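Text of the file run.txt, holding compact mmCIF, C-alpha atoms (C1' of nucleotides):
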# COMPACT_ATOMS: atom_id res chain seq x y z
CA MET M 1 0.00 0.00 0.00
CA THR M 2 1.27 3.48 -0.89
CA PRO M 3 1.88 6.16 1.76
CA ALA M 4 -1.28 7.97 0.72
CA GLY M 5 -3.20 4.71 0.87
CA ARG M 6 -2.06 4.12 4.43
CA ARG M 7 -3.09 7.60 5.50
CA ILE M 8 -6.51 7.09 3.93
CA VAL M 9 -7.10 3.82 5.77
CA ALA M 10 -5.96 5.40 9.04
CA ALA M 11 -8.41 8.26 8.62
CA ALA M 12 -11.15 5.85 7.57
CA GLU M 13 -10.62 3.74 10.69
CA GLU M 14 -10.95 6.74 12.94
CA LEU M 15 -13.99 8.15 11.18
CA PHE M 16 -15.90 4.97 10.37
CA TYR M 17 -15.52 3.58 13.86
CA ASN M 18 -16.44 6.75 15.71
CA ARG M 19 -19.15 8.17 13.46
CA GLY M 20 -20.54 5.22 11.56
CA ILE M 21 -19.87 3.99 8.04
CA THR M 22 -22.89 5.37 6.22
CA ALA M 23 -22.65 8.70 8.01
CA VAL M 24 -19.09 9.36 6.85
CA GLY M 25 -18.57 10.48 3.27
CA VAL M 26 -15.51 9.92 1.14
CA ASP M 27 -14.94 13.66 0.88
CA LEU M 28 -14.42 13.86 4.62
CA ILE M 29 -12.02 10.93 4.63
CA ALA M 30 -10.01 12.48 1.82
CA GLU M 31 -9.85 15.80 3.60
CA GLN M 32 -8.94 14.24 6.95
CA SER M 33 -6.10 12.23 5.43
CA GLY M 34 -4.74 15.20 3.47
CA VAL M 35 -5.36 13.53 0.15
CA THR M 36 -7.45 14.17 -2.94
CA LYS M 37 -10.65 12.28 -3.51
CA ARG M 38 -9.16 11.23 -6.83
CA THR M 39 -6.29 9.52 -5.04
CA LEU M 40 -8.74 7.74 -2.76
CA TYR M 41 -10.58 6.33 -5.76
CA ASN M 42 -7.34 5.48 -7.56
CA GLN M 43 -6.30 3.44 -4.54
CA PHE M 44 -9.52 1.74 -3.54
CA GLY M 45 -11.93 2.04 -6.45
CA SER M 46 -15.04 2.46 -4.34
CA LYS M 47 -16.22 3.30 -0.86
CA ASP M 48 -17.30 -0.28 -0.32
CA ARG M 49 -13.80 -1.54 -0.94
CA LEU M 50 -12.38 1.07 1.41
CA VAL M 51 -14.81 -0.11 4.06
CA ALA M 52 -13.63 -3.68 3.52
CA THR M 53 -10.01 -2.57 3.79
CA TYR M 54 -10.76 -0.69 6.99
CA LEU M 55 -12.32 -3.76 8.58
CA ALA M 56 -9.58 -6.09 7.37
CA GLU M 57 -6.92 -3.78 8.77
CA ARG M 58 -8.70 -3.58 12.09
CA ASP M 59 -9.20 -7.33 12.17
CA GLN M 60 -5.49 -7.86 11.65
CA ARG M 61 -4.52 -5.47 14.44
CA TRP M 62 -6.96 -7.07 16.81
CA ARG M 63 -5.83 -10.61 16.04
CA SER M 64 -2.22 -9.57 16.65
CA LEU M 65 -3.16 -8.26 20.07
CA VAL M 66 -5.07 -11.41 20.98
CA ARG M 67 -2.32 -13.69 19.72
CA SER M 68 0.41 -11.88 21.62
CA THR M 69 -1.70 -11.90 24.78
CA VAL M 70 -2.28 -15.63 24.40
CA ASP M 71 1.40 -16.30 23.75
CA ARG M 72 2.41 -14.39 26.85
CA CYS M 73 0.61 -16.87 29.08
CA GLU M 74 2.75 -19.40 30.87
CA ARG M 75 0.06 -21.96 31.60
CA ARG M 76 -2.43 -23.23 29.07
CA VAL M 77 -5.36 -22.74 31.44
CA GLU M 78 -4.62 -19.03 31.58
CA ALA M 79 -4.36 -18.87 27.82
CA VAL M 80 -8.01 -19.91 27.42
CA THR M 81 -9.20 -16.67 28.96
CA ALA M 82 -6.40 -14.51 27.56
CA PRO M 83 -8.76 -12.91 24.97
CA PHE M 84 -10.54 -11.27 27.89
CA ASP M 85 -7.27 -9.69 28.97
CA ALA M 86 -6.73 -8.55 25.41
CA LEU M 87 -10.22 -7.07 25.45
CA ARG M 88 -9.35 -5.02 28.52
CA THR M 89 -6.38 -3.51 26.70
CA TRP M 90 -8.38 -3.01 23.54
CA SER M 91 -11.24 -1.31 25.38
CA LYS M 92 -8.99 1.46 26.63
CA THR M 93 -8.86 3.02 23.18
CA ASN M 94 -12.05 1.57 21.65
CA THR M 95 -15.14 2.56 23.53
CA ARG M 96 -17.70 2.46 20.74
CA GLY M 97 -18.41 -1.25 20.84
CA CYS M 98 -17.43 -3.81 18.26
CA ALA M 99 -16.59 -2.38 14.86
CA PHE M 100 -17.60 -5.61 13.16
CA ILE M 101 -20.99 -5.92 14.84
CA ASN M 102 -21.53 -2.25 14.05
CA ALA M 103 -20.56 -2.82 10.43
CA LEU M 104 -22.97 -5.75 10.14
CA ALA M 105 -25.67 -3.47 11.53
CA GLU M 106 -25.05 -0.85 8.87
CA LEU M 107 -24.45 -3.17 5.92
CA PRO M 108 -27.23 -5.75 5.78
CA ASP M 109 -26.37 -7.00 2.32
CA PRO M 110 -24.57 -10.35 2.78
CA SER M 111 -22.79 -9.91 -0.52
CA HIS M 112 -21.01 -6.80 0.70
CA PRO M 113 -17.28 -7.58 1.04
CA ALA M 114 -17.27 -6.22 4.58
CA HIS M 115 -19.84 -8.80 5.58
CA ARG M 116 -17.55 -11.74 5.05
CA ILE M 117 -14.70 -10.05 6.89
CA ALA M 118 -16.84 -9.27 9.92
CA ALA M 119 -18.32 -12.74 10.10
CA ASN M 120 -14.89 -14.35 9.73
CA GLN M 121 -13.49 -12.24 12.53
CA LYS M 122 -16.12 -13.61 14.89
CA LEU M 123 -15.74 -17.20 13.75
CA TRP M 124 -11.98 -16.93 14.16
CA LEU M 125 -12.37 -16.02 17.82
CA LEU M 126 -14.87 -18.80 18.44
CA ASN M 127 -12.46 -21.25 16.89
CA LEU M 128 -9.53 -19.87 18.86
CA PHE M 129 -11.46 -20.43 22.09
CA LYS M 130 -12.06 -24.00 21.02
CA GLU M 131 -8.40 -24.63 20.20
CA LEU M 132 -7.29 -23.13 23.49
CA ALA M 133 -9.84 -25.20 25.38
CA VAL M 134 -8.61 -28.36 23.69
CA ALA M 135 -5.00 -27.46 24.39
CA ALA M 136 -5.83 -26.90 28.06
CA ASP M 137 -7.50 -30.31 28.12
CA CYS M 138 -10.89 -28.95 29.13
CA SER M 139 -13.91 -31.22 29.13
CA ASP M 140 -16.47 -30.48 26.40
CA PRO M 141 -14.30 -27.82 24.73
CA ALA M 142 -16.92 -27.02 22.07
CA THR M 143 -19.56 -25.98 24.58
CA LEU M 144 -17.04 -24.13 26.72
CA ALA M 145 -15.77 -22.26 23.68
CA THR M 146 -19.26 -21.15 22.71
CA GLN M 147 -19.95 -19.94 26.23
CA LEU M 148 -16.68 -18.00 26.42
CA PHE M 149 -17.37 -16.56 22.99
CA VAL M 150 -20.82 -15.33 23.96
CA LEU M 151 -19.43 -13.84 27.17
CA HIS M 152 -16.74 -12.07 25.19
CA GLU M 153 -19.19 -10.64 22.68
CA GLY M 154 -21.52 -9.61 25.47
CA ALA M 155 -18.78 -7.69 27.24
CA LEU M 156 -17.87 -6.06 23.94
CA ALA M 157 -21.45 -5.18 23.03
CA THR M 158 -22.24 -3.60 26.40
CA GLN M 159 -19.11 -1.48 26.25
CA PRO M 160 -20.82 1.73 25.10
CA LEU M 161 -23.12 1.59 28.14
CA PRO M 162 -22.29 3.55 31.28
CA ILE M 163 -21.59 0.39 33.28
CA ASP M 164 -18.47 -1.74 33.59
CA THR M 165 -19.11 -5.41 32.89
CA LEU M 166 -15.67 -6.61 31.91
CA SER M 167 -14.38 -7.55 35.36
CA GLU M 168 -17.35 -9.72 36.27
CA THR M 169 -17.35 -11.25 32.81
CA ALA M 170 -13.68 -12.18 32.94
CA ASP M 171 -14.14 -13.63 36.43
CA LEU M 172 -16.96 -15.81 35.22
CA ALA M 173 -14.92 -16.90 32.20
CA ARG M 174 -12.05 -18.02 34.42
CA ALA M 175 -14.44 -19.85 36.73
CA LEU M 176 -15.92 -21.70 33.76
CA VAL M 177 -12.49 -22.79 32.60
CA ARG M 178 -11.50 -23.95 36.07
CA ALA M 179 -14.72 -25.90 36.40
CA SER M 180 -14.15 -27.72 33.14
CA GLU M 181 -10.61 -28.80 33.85
CA HIS M 182 -10.23 -32.54 33.93
CA PRO M 183 -9.75 -33.84 37.46
CA ARG M 184 -7.03 -36.25 36.30
CA ARG M 185 -4.78 -33.28 35.62
CA MET E 1 -51.24 8.67 17.57
CA THR E 2 -53.23 9.02 14.36
CA PRO E 3 -53.76 6.09 11.96
CA ALA E 4 -51.26 7.57 9.53
CA GLY E 5 -48.79 8.02 12.39
CA ARG E 6 -49.08 4.36 13.32
CA ARG E 7 -48.50 3.24 9.75
CA ILE E 8 -45.43 5.46 9.55
CA VAL E 9 -43.92 4.01 12.72
CA ALA E 10 -44.65 0.48 11.50
CA ALA E 11 -42.87 1.13 8.22
CA ALA E 12 -40.01 2.86 10.03
CA GLU E 13 -39.53 -0.15 12.31
CA GLU E 14 -39.31 -2.52 9.39
CA LEU E 15 -36.97 -0.34 7.37
CA PHE E 16 -34.72 1.05 10.11
CA TYR E 17 -34.16 -2.36 11.68
CA ASN E 18 -33.48 -4.22 8.46
CA ARG E 19 -31.56 -1.63 6.46
CA GLY E 20 -30.07 0.72 9.03
CA ILE E 21 -31.18 4.12 10.23
CA THR E 22 -28.84 6.35 8.24
CA ALA E 23 -29.32 4.31 5.09
CA VAL E 24 -33.10 4.75 5.07
CA GLY E 25 -34.49 8.09 3.91
CA VAL E 26 -37.76 9.66 4.96
CA ASP E 27 -39.04 9.52 1.38
CA LEU E 28 -38.84 5.73 1.44
CA ILE E 29 -40.63 5.51 4.77
CA ALA E 30 -43.41 7.77 3.52
CA GLU E 31 -43.80 5.74 0.35
CA GLN E 32 -43.75 2.40 2.20
CA SER E 33 -46.42 3.52 4.64
CA GLY E 34 -48.65 4.95 1.90
CA VAL E 35 -48.41 8.45 3.28
CA THR E 36 -47.17 11.81 2.12
CA LYS E 37 -43.87 13.14 3.35
CA ARG E 38 -45.79 16.19 4.55
CA THR E 39 -47.87 14.00 6.84
CA LEU E 40 -44.73 12.38 8.21
CA TYR E 41 -43.31 15.77 9.13
CA ASN E 42 -46.64 16.98 10.51
CA GLN E 43 -46.67 13.98 12.82
CA PHE E 44 -43.05 13.74 13.90
CA GLY E 45 -41.35 17.01 13.05
CA SER E 46 -38.00 15.49 12.13
CA LYS E 47 -36.32 12.24 11.23
CA ASP E 48 -34.53 12.18 14.58
CA ARG E 49 -37.81 12.24 16.45
CA LEU E 50 -39.18 9.48 14.23
CA VAL E 51 -36.10 7.41 15.06
CA ALA E 52 -36.71 7.97 18.75
CA THR E 53 -40.35 6.96 18.35
CA TYR E 54 -39.32 3.82 16.49
CA LEU E 55 -36.97 2.77 19.29
CA ALA E 56 -39.44 3.64 22.04
CA GLU E 57 -42.12 1.59 20.32
CA ARG E 58 -39.79 -1.36 19.90
CA ASP E 59 -38.65 -1.07 23.50
CA GLN E 60 -42.23 -1.20 24.70
CA ARG E 61 -43.06 -4.27 22.64
CA TRP E 62 -39.94 -6.06 23.84
CA ARG E 63 -40.56 -5.25 27.49
CA SER E 64 -44.11 -6.58 27.18
CA LEU E 65 -42.78 -9.86 25.84
CA VAL E 66 -40.20 -10.17 28.60
CA ARG E 67 -42.70 -9.27 31.32
CA SER E 68 -45.28 -11.76 30.12
CA THR E 69 -42.64 -14.48 29.87
CA VAL E 70 -41.48 -13.73 33.38
CA ASP E 71 -45.03 -13.71 34.74
CA ARG E 72 -45.78 -17.05 33.16
CA CYS E 73 -43.13 -18.75 35.33
CA GLU E 74 -44.42 -20.72 38.28
CA ARG E 75 -41.24 -20.76 40.32
CA ARG E 76 -39.08 -17.76 40.99
CA VAL E 77 -35.90 -19.57 40.04
CA GLU E 78 -37.24 -20.11 36.56
CA ALA E 79 -38.22 -16.48 36.30
CA VAL E 80 -34.61 -15.37 36.61
CA THR E 81 -33.74 -16.90 33.26
CA ALA E 82 -37.08 -16.16 31.64
CA PRO E 83 -35.59 -13.32 29.53
CA PHE E 84 -33.61 -15.99 27.68
CA ASP E 85 -36.85 -17.74 26.80
CA ALA E 86 -38.26 -14.42 25.65
CA LEU E 87 -35.14 -13.95 23.54
CA ARG E 88 -35.79 -17.26 21.80
CA THR E 89 -39.26 -16.12 20.82
CA TRP E 90 -38.01 -12.68 19.83
CA SER E 91 -35.20 -14.09 17.68
CA LYS E 92 -37.64 -15.94 15.44
CA THR E 93 -38.68 -12.69 13.81
CA ASN E 94 -35.67 -10.48 14.58
CA THR E 95 -32.49 -11.83 13.09
CA ARG E 96 -30.54 -8.66 12.59
CA GLY E 97 -29.18 -8.34 16.11
CA CYS E 98 -30.15 -5.80 18.72
CA ALA E 99 -31.88 -2.72 17.35
CA PHE E 100 -30.64 -0.64 20.26
CA ILE E 101 -27.00 -1.64 19.98
CA ASN E 102 -27.29 -1.04 16.26
CA ALA E 103 -28.81 2.37 16.86
CA LEU E 104 -26.02 3.32 19.25
CA ALA E 105 -23.56 2.29 16.57
CA GLU E 106 -25.12 4.58 14.01
CA LEU E 107 -25.86 7.54 16.28
CA PRO E 108 -22.73 8.36 18.29
CA ASP E 109 -24.01 11.70 19.54
CA PRO E 110 -25.06 11.17 23.18
CA SER E 111 -27.50 14.07 22.98
CA HIS E 112 -29.55 12.30 20.31
CA PRO E 113 -32.94 11.36 21.80
CA ALA E 114 -32.51 7.79 20.60
CA HIS E 115 -29.37 7.45 22.68
CA ARG E 116 -31.14 7.75 25.99
CA ILE E 117 -33.84 5.32 24.94
CA ALA E 118 -31.35 2.67 23.86
CA ALA E 119 -29.25 3.01 27.00
CA ASN E 120 -32.34 2.86 29.23
CA GLN E 121 -33.53 -0.30 27.52
CA LYS E 122 -30.29 -2.04 28.46
CA LEU E 123 -30.23 -0.74 32.01
CA TRP E 124 -33.84 -1.83 32.45
CA LEU E 125 -32.91 -5.42 31.62
CA LEU E 126 -29.89 -5.37 33.91
CA ASN E 127 -32.07 -4.11 36.72
CA LEU E 128 -34.76 -6.68 35.97
CA PHE E 129 -32.19 -9.46 36.28
CA LYS E 130 -31.17 -8.04 39.62
CA GLU E 131 -34.75 -7.86 40.91
CA LEU E 132 -35.46 -11.40 39.77
CA ALA E 133 -32.26 -12.65 41.40
CA VAL E 134 -33.20 -10.97 44.65
CA ALA E 135 -36.72 -12.38 44.48
CA ALA E 136 -35.33 -15.86 43.92
CA ASP E 137 -33.09 -15.38 46.95
CA CYS E 138 -29.87 -15.85 45.01
CA SER E 139 -26.54 -15.15 46.65
CA ASP E 140 -24.73 -12.07 45.34
CA PRO E 141 -27.60 -11.00 43.08
CA ALA E 142 -25.72 -7.98 41.71
CA THR E 143 -22.89 -10.06 40.26
CA LEU E 144 -25.25 -12.74 39.02
CA ALA E 145 -27.39 -10.12 37.32
CA THR E 146 -24.40 -8.62 35.53
CA GLN E 147 -23.30 -12.03 34.33
CA LEU E 148 -26.75 -12.94 33.06
CA PHE E 149 -27.00 -9.55 31.40
CA VAL E 150 -23.71 -9.97 29.55
CA LEU E 151 -24.71 -13.47 28.49
CA HIS E 152 -28.01 -12.15 27.19
CA GLU E 153 -26.37 -9.34 25.24
CA GLY E 154 -23.78 -11.73 23.86
CA ALA E 155 -26.43 -14.10 22.58
CA LEU E 156 -28.22 -11.15 21.03
CA ALA E 157 -25.11 -9.67 19.46
CA THR E 158 -23.98 -12.95 17.88
CA GLN E 159 -27.42 -13.52 16.40
CA PRO E 160 -26.57 -12.31 12.88
CA LEU E 161 -23.75 -14.87 12.70
CA PRO E 162 -24.30 -18.25 11.03
CA ILE E 163 -24.04 -20.10 14.35
CA ASP E 164 -26.59 -20.81 17.02
CA THR E 165 -25.45 -19.77 20.48
CA LEU E 166 -28.73 -19.32 22.28
CA SER E 167 -29.16 -22.88 23.57
CA GLU E 168 -25.73 -23.09 25.17
CA THR E 169 -26.11 -19.58 26.56
CA ALA E 170 -29.47 -20.30 28.16
CA ASP E 171 -28.11 -23.54 29.62
CA LEU E 172 -25.21 -21.69 31.19
CA ALA E 173 -27.55 -19.03 32.53
CA ARG E 174 -29.70 -21.63 34.24
CA ALA E 175 -26.63 -23.33 35.68
CA LEU E 176 -25.43 -20.03 37.11
CA VAL E 177 -28.77 -19.43 38.78
CA ARG E 178 -28.86 -22.94 40.21
CA ALA E 179 -25.31 -22.53 41.54
CA SER E 180 -26.19 -19.30 43.31
CA GLU E 181 -29.26 -20.59 45.08
CA HIS E 182 -28.94 -20.46 48.82
CA PRO E 183 -28.45 -23.93 50.33
CA ARG E 184 -30.84 -23.13 53.16
CA ARG E 185 -33.71 -23.02 50.71
C1' DG Z 1 16.51 11.11 -21.22
C1' DC Z 2 12.39 8.77 -20.87
C1' DC Z 3 8.72 6.21 -18.66
C1' DT Z 4 5.79 4.70 -15.09
C1' DA Z 5 3.69 5.22 -10.72
C1' DT Z 6 1.85 8.28 -7.51
C1' DG Z 7 -0.42 12.12 -6.74
C1' DT Z 8 -2.72 16.90 -7.48
C1' DT Z 9 -6.29 20.27 -9.10
C1' DC Z 10 -10.73 21.21 -10.21
C1' DA Z 11 -14.88 20.87 -12.43
C1' DC Z 12 -18.73 18.07 -12.98
C1' DA Z 13 -22.60 14.48 -13.25
C1' DG Z 14 -26.64 12.47 -11.37
C1' DA Z 15 -28.77 10.94 -7.49
C1' DT Z 16 -30.44 11.39 -2.94
C1' DC Z 17 -30.73 13.70 1.42
C1' DA Z 18 -33.79 16.32 5.17
C1' DG Z 19 -37.06 19.57 5.30
C1' DT Z 20 -40.47 23.38 3.50
C1' DA Z 21 -44.29 25.98 0.83
C1' DT Z 22 -48.69 26.27 -1.06
C1' DA Z 23 -53.03 24.90 -2.15
C1' DC Z 24 -56.51 21.61 -1.75
C1' DC Z 25 -59.56 17.73 0.02
C1' DT Z 26 -62.48 15.13 3.44
C1' DT Z 27 -64.81 14.11 7.57
C1' DG Z 28 -66.76 14.38 12.14
C1' DG Z 29 -68.50 17.24 15.67
C1' DA Z 30 -70.42 21.62 17.95
C1' DT U 1 -73.47 25.35 8.86
C1' DC U 2 -69.10 26.06 9.80
C1' DC U 3 -64.76 24.81 11.36
C1' DA U 4 -60.76 22.46 12.68
C1' DA U 5 -57.96 18.32 12.27
C1' DG U 6 -55.85 15.01 9.51
C1' DG U 7 -54.30 14.15 5.19
C1' DT U 8 -53.12 14.65 -0.05
C1' DA U 9 -50.57 16.42 -4.11
C1' DT U 10 -46.78 18.55 -6.01
C1' DA U 11 -43.05 21.33 -6.52
C1' DC U 12 -39.13 23.10 -4.52
C1' DT U 13 -34.59 24.39 -1.79
C1' DG U 14 -29.93 23.75 -0.72
C1' DA U 15 -26.91 20.54 0.76
C1' DT U 16 -24.53 16.29 0.36
C1' DC U 17 -23.72 11.83 -1.67
C1' DT U 18 -20.63 8.52 -4.67
C1' DG U 19 -18.07 8.52 -8.51
C1' DT U 20 -15.77 10.37 -13.03
C1' DG U 21 -12.98 13.15 -16.59
C1' DA U 22 -9.07 15.55 -18.11
C1' DA U 23 -4.93 17.83 -17.64
C1' DC U 24 -0.91 18.42 -15.01
C1' DA U 25 3.11 17.77 -11.53
C1' DT U 26 6.92 15.04 -9.52
C1' DA U 27 10.07 11.71 -8.56
C1' DG U 28 12.75 7.28 -8.97
C1' DG U 29 14.48 3.60 -11.94
C1' DC U 30 15.91 1.70 -16.46
Mind turning this structure into structure tokens?
Amino acid sequence: MTPAGRRIVAAAEELFYNRGITAVGVDLIAEQSGVTKRTLYNQFGSKDRLVATYLAERDQRWRSLVRSTVDRCERRVEAVTAPFDALRTWSKTNTRGCAFINALAELPDPSHPAHRIAANQKLWLLNLFKELAVAADCSDPATLATQLFVLHEGALATQPLPIDTLSETADLARALVRASEHPRR
Amino acid sequence: MTPAGRRIVAAAEELFYNRGITAVGVDLIAEQSGVTKRTLYNQFGSKDRLVATYLAERDQRWRSLVRSTVDRCERRVEAVTAPFDALRTWSKTNTRGCAFINALAELPDPSHPAHRIAANQKLWLLNLFKELAVAADCSDPATLATQLFVLHEGALATQPLPIDTLSETADLARALVRASEHPRR
DNA sequence: GCCTATGTTCACAGATCAGTATACCTTGGA
DNA sequence: TCCAAGGTATACTGATCTGTGAACATAGGC
């Protein structure tokens, strides 16, 4: 991606996430990134493709954070709930809920390129929970993973509300993992 | 509300929920409800106030469903997780996630009338969980209520995804309630 | 020295947006 | 009988939307 392209995506991330995708026009993004609208269209072709790029970029950054948080765990039981620690870090600078849920809300058309990206992001996390649960030798890892996933999404979705739910949610997640550890370990 | 007003709100509900608030124009709502745009503005004054009416109407309908589901429970322990049963019913005809979360995503301005309505809807449910937990004599009802609330919102938020999470979520919710029952009962 | 990639400037098209103006119609009640 | 409320029909404003066209500038690599 060219320097101008990177600046455009950075401005798009900021604006789309904080003001909504439909509400933000390409003119504003071009102005905010110090670039001509022509350059924006030369780089991305359409607003829809810029939206997809924005979500893909954000997905990548988020996965990196989760992965590094998981890798930093010494014991595999801790790793299962590491995404909740990542969420705490993430929430410090992202207080407008989940960008992917929000994008799905604004773009109902399943054929929109952003749709696939958002759905995949969610399924990736669900699958990661399952892998971590298997690695930690938890009983019924599929069910546990679904429960942790729903808890995670719930904590994320309630983020814009004036109440803090993350602590209780993470506590419950850890209790669930402990309860599903095999006794023979 | 006049007959035309009711038709407008009905059309607005359908369109706003399924296509997004910003993406739907007032012309489309007027056309869909078989009403002139002039009538729409005579009734509601602005699009923002129509959006607020749409959310208030939806909130009312949803609370009725939850209340009736709660009231139908014979034992108070069942009542605590009744909102999850209501969610199952609700999800049959509402597969685009939570209208209030979606509205918050599209309308970042906290001074928007819809903002208060959406936030209140969530806080109402959290408080209902707490009241039900107290009535069922659960230990630490505040924490339990927060956990049930997050689970509920998680199940709602993951609804647009091609996976079913509601069964496992409701099971976990019931297990949590059972685990927090006082032994002396 | 030339060529390609990256970008700029600026005007423009066609559609759609929220919201208004004006004049008219219909119906039920005092 | 009149009048007010609810509603229709239609045209309009001014702004904003995504996206395009055409000509020009600049710099690095062969």
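Taking CA of His182 (chain E) and CA of Ala135 (chain E) as the two end points, the separation is 12.0 Å.
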Worksheet item: Got a sec to pull out which chain Z residues are within 10 Å of chain M, counting only C-alpha atoms (C1' of nucleotides), and send them as a list in words?
Response: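 Listing them in order of chain and number gives DT6, DG7, DT8 and DT9 of chain Z.
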Close residues, region 91-98 of chain E itself excluded, 7 Å, only C-alpha atoms (C1' of nucleotides), min 4 positions apart in chain, as a CSV table (one decimal) with C-alpha atoms, in the frame of the given file:
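Contents of selection09.csv, freshly written:
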chain,number,residue,atom,x,y,z
E,18,ASN,CA,-33.5,-4.2,8.5
E,87,LEU,CA,-35.1,-14.0,23.5
E,102,ASN,CA,-27.3,-1.0,16.3
E,156,LEU,CA,-28.2,-11.2,21.0
E,157,ALA,CA,-25.1,-9.7,19.5
E,159,GLN,CA,-27.4,-13.5,16.4
E,160,PRO,CA,-26.6,-12.3,12.9
Using all atoms listed in the file, what does the table of chain M residues within 9 Å of chain E look like, with each row giving the shortest atom pair and its distance in Å to one decimal, sorted by chain and ascending number, as a tab-separated table?
residue	atom	partner	partner_atom	distance
M:Tyr17	CA	E:Ala105	CA	8.6
M:Asn18	CA	E:Pro108	CA	7.0
M:Arg19	CA	E:Pro108	CA	6.0
M:Gly20	CA	E:Glu106	CA	5.2
M:Ile21	CA	E:Glu106	CA	8.0
M:Thr22	CA	E:Thr22	CA	6.4
M:Ala23	CA	E:Thr22	CA	6.6
M:Arg96	CA	E:Ala105	CA	7.2
M:Gly97	CA	E:Ala105	CA	7.6
M:Cys98	CA	E:Ala105	CA	8.8
M:Ala99	CA	E:Ala105	CA	8.6
M:Ile101	CA	E:Ala157	CA	7.2
M:Asn102	CA	E:Ala105	CA	5.6
M:Ala103	CA	E:Ala105	CA	8.5
M:Leu104	CA	E:Pro160	CA	8.0
M:Ala105	CA	E:Asn102	CA	5.6
M:Glu106	CA	E:Gly20	CA	5.3
M:Leu107	CA	E:Arg19	CA	7.3
M:Pro108	CA	E:Arg19	CA	6.0
M:Asp109	CA	E:Arg19	CA	8.5
M:Ala119	CA	E:Leu161	CA	6.4
M:Lys122	CA	E:Leu161	CA	8.0
M:Leu123	CA	E:Leu161	CA	8.4
M:Thr143	CA	E:Glu168	CA	6.8
M:Leu144	CA	E:Glu168	CA	8.9
M:Thr146	CA	E:Thr165	CA	6.7
M:Gln147	CA	E:Thr169	CA	6.2
M:Phe149	CA	E:Gly154	CA	8.1
M:Val150	CA	E:Gly154	CA	4.7
M:Leu151	CA	E:Leu151	CA	5.5
M:His152	CA	E:Gly154	CA	7.2
M:Glu153	CA	E:Gly154	CA	4.9
M:Gly154	CA	E:Gly154	CA	3.5
M:Ala155	CA	E:Val150	CA	5.9
M:Leu156	CA	E:Gly154	CA	8.2
M:Ala157	CA	E:Ala157	CA	6.8
M:Thr158	CA	E:Glu153	CA	7.2
M:Pro160	CA	E:Leu104	CA	8.0
M:Leu161	CA	E:Ala119	CA	6.4
M:Pro162	CA	E:Ala119	CA	8.2
M:Ile163	CA	E:Leu123	CA	8.8
M:Thr165	CA	E:Thr146	CA	6.7
M:Glu168	CA	E:Gln147	CA	6.7
M:Thr169	CA	E:Gln147	CA	6.2
M:Leu172	CA	E:Gln147	CA	7.4
Restricting it to C-alpha atoms, dump the selection as a short mmCIF file (atom, residue, chain, number, x, y, z; two decimals), in the coordinates of the input.
data_model
loop_
_atom_site.label_atom_id
_atom_site.label_comp_id
_atom_site.auth_asym_id
_atom_site.auth_seq_id
_atom_site.Cartn_x
_atom_site.Cartn_y
_atom_site.Cartn_z
CA TYR M 17 -15.52 3.58 13.86
CA ASN M 18 -16.44 6.75 15.71
CA ARG M 19 -19.15 8.17 13.46
CA GLY M 20 -20.54 5.22 11.56
CA ILE M 21 -19.87 3.99 8.04
CA THR M 22 -22.89 5.37 6.22
CA ALA M 23 -22.65 8.70 8.01
CA ARG M 96 -17.70 2.46 20.74
CA GLY M 97 -18.41 -1.25 20.84
CA CYS M 98 -17.43 -3.81 18.26
CA ALA M 99 -16.59 -2.38 14.86
CA ILE M 101 -20.99 -5.92 14.84
CA ASN M 102 -21.53 -2.25 14.05
CA ALA M 103 -20.56 -2.82 10.43
CA LEU M 104 -22.97 -5.75 10.14
CA ALA M 105 -25.67 -3.47 11.53
CA GLU M 106 -25.05 -0.85 8.87
CA LEU M 107 -24.45 -3.17 5.92
CA PRO M 108 -27.23 -5.75 5.78
CA ASP M 109 -26.37 -7.00 2.32
CA ALA M 119 -18.32 -12.74 10.10
CA LYS M 122 -16.12 -13.61 14.89
CA LEU M 123 -15.74 -17.20 13.75
CA THR M 143 -19.56 -25.98 24.58
CA LEU M 144 -17.04 -24.13 26.72
CA THR M 146 -19.26 -21.15 22.71
CA GLN M 147 -19.95 -19.94 26.23
CA PHE M 149 -17.37 -16.56 22.99
CA VAL M 150 -20.82 -15.33 23.96
CA LEU M 151 -19.43 -13.84 27.17
CA HIS M 152 -16.74 -12.07 25.19
CA GLU M 153 -19.19 -10.64 22.68
CA GLY M 154 -21.52 -9.61 25.47
CA ALA M 155 -18.78 -7.69 27.24
CA LEU M 156 -17.87 -6.06 23.94
CA ALA M 157 -21.45 -5.18 23.03
CA THR M 158 -22.24 -3.60 26.40
CA PRO M 160 -20.82 1.73 25.10
CA LEU M 161 -23.12 1.59 28.14
CA PRO M 162 -22.29 3.55 31.28
CA ILE M 163 -21.59 0.39 33.28
CA THR M 165 -19.11 -5.41 32.89
CA GLU M 168 -17.35 -9.72 36.27
CA THR M 169 -17.35 -11.25 32.81
CA LEU M 172 -16.96 -15.81 35.22
#
Take every atom of region 9-20 of chain U listed in the file, pad by 3 Å on each side, and give me the axis-aligned box centre and edge lengths in Å, one decimal, as AutoDock Vina command-line options.
--center_x -33.2 --center_y 16.5 --center_z -6.1 --size_x 40.8 --size_y 21.9 --size_z 19.8
Item to complete: Calculate how many Å separate CA of Tyr41 (chain E) from C1' of DA15 (chain U), rounding to one decimal.
Response: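 One can read the CA of Tyr41 (chain E) to C1' of DA15 (chain U) distance as 19.0 Å.
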Worksheet item: For the point (-40.3, 10.3, 15.1) in file coordinates, what residues are within 12 Å, counting only C-alpha atoms (C1' of nucleotides)? Give the answer as a PyMOL selection string?
Response: chain E and resi 1+5-6+8-13+16+26+29+39-57+113-114
